[in-house]
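Comments concern the structure below.
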Amino acid sequence: MGKTMIEKIIRRAAGKEVKVGERVWCNIDLSTARDFGGANCVLQFEEVTDKKGKVWDPDKVAFTFDLQAPSHSEKVSTNQKIIREFAKKQGIKKVFDVDWGIGQHVLLENGLVKPGDVILGTDSHMNLLGAVGAFATGVGNTDIVASWFEGTNWFRVPETMKITVNGKFAKGVCMRDLLTHIVGTLGADGMFFLSTEFYGDTIERSSLSDRITLCSMVTEMSGKIGLIMPNGKVLDWLVERAGKEVVDRVKSLSADPDAVYCQELEFNVDNLEPMTSCPDAPDNVKKVREVAGEHVDQVHIGSCSNGRFEDISAAFEVLKASKSKVAPGMRAIITPATREVMLQCAEAGYIQKFLEAGVIFTNPTCALCTAEHYGALPSGDVGMSTTNRNFIGKVGKGSHTYLASPMTAMATAIRGKITDPRDILG
Amino acid sequence: MENKVLRGKAWVFGDDIDTDLIYHNKYLAETDPRKMPQYSFEYLPGKENFAKEVKEGDFVVAGTNFGCGSSREHAVYCLKYAGVPVILAESFSRIYYRNAINNGYPVLFVKGLSQAIKDGKIKDGDDLEVDLEKGEIRDLTNGNSFHGDAVADLEMDIMKAGGLIEYLKEKAASK
């Protein structure tokens, strides 16, 4: 019987044959924590080891500072300091401080992620690293601390869903719209505890940025991981960063043709329209057309789901086509995912153009995924964002948020009300 | 886990209660688990008073996918240290489930609970009796009863040890 990707990945990490439903102990390739959750991990580790503990392998532990970077309060600054001092004490060199950007993206750009790697992090969207075939998963501080003992942790081998996507996106429509459509179709628990493999010509042609968008939103359907084995340009990009071993991993970890799936779904994007998650849940999905004209106070483009150069470029194309600026009274914020992305935006000349158009272009950070950073919404305000969650009050008590693609978000920023980007792109 | 019959009031929630509603991101910088209960459900309309009014021994009763969203363990600590002895839900989100198990914090999977909540068969303030070992839940206010399944497999071993850290320490000691 053939094996799925996750079965092969867990077999490699467990060093033995595994079957679906079984609980197994896996070797961890990288155990990471952020400025959020990181200090909790450090304090817990010090407490349970009487400050005498040593992490099992300092080269396999990393810290990223992204949720509140740079820090906005003394409390957060103290937490960040706790992490820096612990890293120094333990000889942990992989510390990506407040100047780097969003953790998973930074790890990926720095060649620390290979297909088949088992990676832990205090971020429920760690699993976006499935975009390059890694099994990365968000966990709490106890899981991280436990992994620091001997470099292992437990997992249940999940069932796998197969999603095949074919067709070409029309102008003004992109991967985020497909994903929003899938979330609306499957619902908040549509991938409950599952691994999902993505196939089809739309996926094979897609950029790394699009694959990240797709895999990041698996969390919003309660999935464990979304997996795509790198091919074409994505494979070249990853080999350049993470080395030639990537090629062998792709070969040995791709699913067998006779792998067993618990569910198989097909989507075609030829006729897909811009989609949006309406307040107050990611699976409350409508076509942008259906809510066009609704007032919006603030637009945010960024996050681990849609903060890469391609996402910001797509927003720029809408701005350029509009020959206009951000609407009066509208607050439009663009946050690149990483410093590397910000540099790409600078080199492309986007930052100047965005600033001239009235956009607030910020440093790389998680930005509006926490109300305690900039951009919190006051009660009664309505936001539109390319982030991944719009739960009640997430970015401010009494506020409401629409989730949409960078193109829809930019079109909305320009018109000051929810706007289908095709109205601007023509 | 002690084998005893627990008694307390029900705090009833719907489906897909996410971690921002349980413990809002505004308070993520908190690192002391015992200070976390004061923020429980502050952002959930209708449940803003939970933190002030919850009594030790009260139960959290929810529908499907409880704890979806973020990986924050704060969302487990804030209920555990408020004295909620067990969470009863039709299902738990993956990370929330792990975080509960890893802290030796009991959860029961109760089939049909989501619909029962929608139908008003179990309501806020109902007096509940919960037999953790047998998984029997009786609503003493209206006479309805439910059955919950405890965790199994490795998770049960971790629970019995008192959490993942304790489990690993026991494992290391027995080597």
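Going through the structure tokens in order, the chains are called A, B, and so on, while each chain numbers its residues from 1 and the ligands are numbered from 1 in the order shown.
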Can you work out which residues from chain B touch chain A at a cut-off of 7 Å (counting only C-alpha atoms) and hand them back as number ranges by chain?
B: 20, 25-26, 28-29, 31, 43, 65, 69-73, 93-95, 99, 102, 154, 164-165
Please produce an output containing C-alpha atoms for each residue in the selection, written as a short mmCIF file (atom, residue, chain, number, x, y, z; two decimals), in the first residue's frame.
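The result, stored in again-v1.cif:
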data_model
loop_
_atom_site.label_atom_id
_atom_site.label_comp_id
_atom_site.auth_asym_id
_atom_site.auth_seq_id
_atom_site.Cartn_x
_atom_site.Cartn_y
_atom_site.Cartn_z
CA ASP B 20 -8.72 35.18 21.16
CA ASN B 25 -3.94 38.53 22.25
CA LYS B 26 -3.87 41.80 24.19
CA LEU B 28 -0.02 37.58 25.46
CA ALA B 29 2.99 39.18 27.14
CA THR B 31 4.32 34.88 31.46
CA TYR B 43 -13.56 39.56 24.54
CA ASN B 65 -13.66 22.92 17.65
CA GLY B 69 -6.89 29.65 16.39
CA SER B 70 -3.63 30.47 18.09
CA SER B 71 -1.07 28.20 19.78
CA ARG B 72 -1.13 30.23 23.02
CA GLU B 73 -1.04 27.94 26.04
CA SER B 93 -8.94 22.11 18.13
CA ARG B 94 -5.66 20.30 17.59
CA ILE B 95 -3.28 22.66 19.35
CA ASN B 99 -1.83 22.01 25.22
CA ASN B 102 0.54 18.39 27.95
CA LEU B 154 -0.40 7.95 24.66
CA LEU B 164 4.23 16.04 29.19
CA ILE B 165 7.16 17.34 31.24
#
Give me every alpha helix (DSSP H) residue in chain B, going by DSSP on the backbone, as number ranges by chain.
B: 19-22, 50-53, 74-80, 94-102, 113-118, 153-161, 164-173
Please provide the set of residues having any atom within 6 Å of range 120-124 of chain B, restricted to only C-alpha atoms, with same-chain residues fewer than 6 positions apart removed, written as a list of chain:residue names.
B:Ala10, B:Trp11, B:Val12
For the selection just defined, write its residues with C-alpha atoms to a file, as a PDB file, in the first residue's frame.
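Output file selection-v8.pdb follows:
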ATOM      1  CA  ALA B  10     -22.080  25.123  33.735  1.00  0.00           C
ATOM      2  CA  TRP B  11     -20.704  27.941  31.631  1.00  0.00           C
ATOM      3  CA  VAL B  12     -22.016  27.175  28.162  1.00  0.00           C
TER       4      VAL B  12
END
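In this structure, CA of Ala404 in chain A sits 5.3 Å away from CA of Thr386 in chain A.
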Can you pull out the residues contacting Glu266 in chain A? Cut-off 10 Å, using only C-alpha atoms, and skip same-chain residues under 5 positions away; I want them as JSON, numbers by chain.
{"A": [162, 163, 164, 165, 166, 198, 199, 200]}
Can you write out the residues you just picked, keeping C-alpha atoms, as a PDB file, in the first residue's frame?
ATOM      1  CA  LYS A 162      -6.021  15.346  -1.441  1.00  0.00           C
ATOM      2  CA  ILE A 163      -7.014  18.583  -3.138  1.00  0.00           C
ATOM      3  CA  THR A 164      -6.463  19.025  -6.870  1.00  0.00           C
ATOM      4  CA  VAL A 165      -6.678  22.510  -8.356  1.00  0.00           C
ATOM      5  CA  ASN A 166      -6.740  23.160 -12.077  1.00  0.00           C
ATOM      6  CA  PHE A 198      -2.231  19.957  -2.965  1.00  0.00           C
ATOM      7  CA  TYR A 199      -1.902  18.969  -6.630  1.00  0.00           C
ATOM      8  CA  GLY A 200      -3.005  20.135 -10.079  1.00  0.00           C
TER       9      GLY A 200
END
I want to know what sits within 7 Å of range 149-152 of chain B, based on only C-alpha atoms, with residues of the same chain fewer than 6 positions away left out; could you give that as a list in words?
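The residues satisfying every condition are Val107, Leu108, Phe109, Val110 and Gly135 of chain B.
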Export, as a short mmCIF file (atom, residue, chain, number, x, y, z; two decimals), in the first residue's frame, the selected residues with C-alpha atoms.
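So the final result, stored in again_1.cif, reads:
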data_model
loop_
_atom_site.label_atom_id
_atom_site.label_comp_id
_atom_site.auth_asym_id
_atom_site.auth_seq_id
_atom_site.Cartn_x
_atom_site.Cartn_y
_atom_site.Cartn_z
CA VAL B 107 -10.94 17.23 28.64
CA LEU B 108 -13.96 15.12 27.74
CA PHE B 109 -15.22 14.64 24.16
CA VAL B 110 -19.01 14.71 24.39
CA GLY B 135 -17.47 9.99 31.46
#
If you run DSSP on this backbone, which residues of range 110-170 of chain B come out as strand (DSSP E), and could you give them as an MDAnalysis selection string?
chainID B and resid 110 127:131 136:139 145:149
Writing out the chosen residues with C-alpha atoms as a PDB file, in the first residue's frame:
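What landed in out-v2.pdb:
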ATOM      1  CA  VAL B 110     -19.006  14.713  24.385  1.00  0.00           C
ATOM      2  CA  ASP B 127     -25.995  22.394  37.998  1.00  0.00           C
ATOM      3  CA  LEU B 128     -23.828  19.575  36.607  1.00  0.00           C
ATOM      4  CA  GLU B 129     -22.488  16.357  38.026  1.00  0.00           C
ATOM      5  CA  VAL B 130     -19.509  14.885  36.188  1.00  0.00           C
ATOM      6  CA  ASP B 131     -18.005  11.457  36.765  1.00  0.00           C
ATOM      7  CA  GLU B 136     -20.991  10.445  32.795  1.00  0.00           C
ATOM      8  CA  ILE B 137     -22.396  13.953  32.796  1.00  0.00           C
ATOM      9  CA  ARG B 138     -25.749  14.693  34.436  1.00  0.00           C
ATOM     10  CA  ASP B 139     -27.511  18.019  34.197  1.00  0.00           C
ATOM     11  CA  SER B 145     -27.525  13.269  30.690  1.00  0.00           C
ATOM     12  CA  PHE B 146     -24.565  13.049  28.346  1.00  0.00           C
ATOM     13  CA  HIS B 147     -21.626  10.779  27.811  1.00  0.00           C
ATOM     14  CA  GLY B 148     -18.078  11.987  27.360  1.00  0.00           C
ATOM     15  CA  ASP B 149     -15.028  10.057  26.202  1.00  0.00           C
TER      16      ASP B 149
END
I need the residue nearest Thr213 in chain A from this list: A:Asp50, A:Asp177, A:Asp423, A:Asp66. Use only C-alpha atoms for the distance.
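Comparing A:Asp50, A:Asp177, A:Asp423, A:Asp66 against Thr213 in chain A, the winner is A:Asp177.
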Near range 89-97 of chain A, counting only C-alpha atoms, which residues have an atom at most 10 Å away, once you skip same-chain residues fewer than 6 positions from it, shown as a PyMOL selection string?
chain A and resi 32-35+53-66+69-70+80+83+103+106-107+112
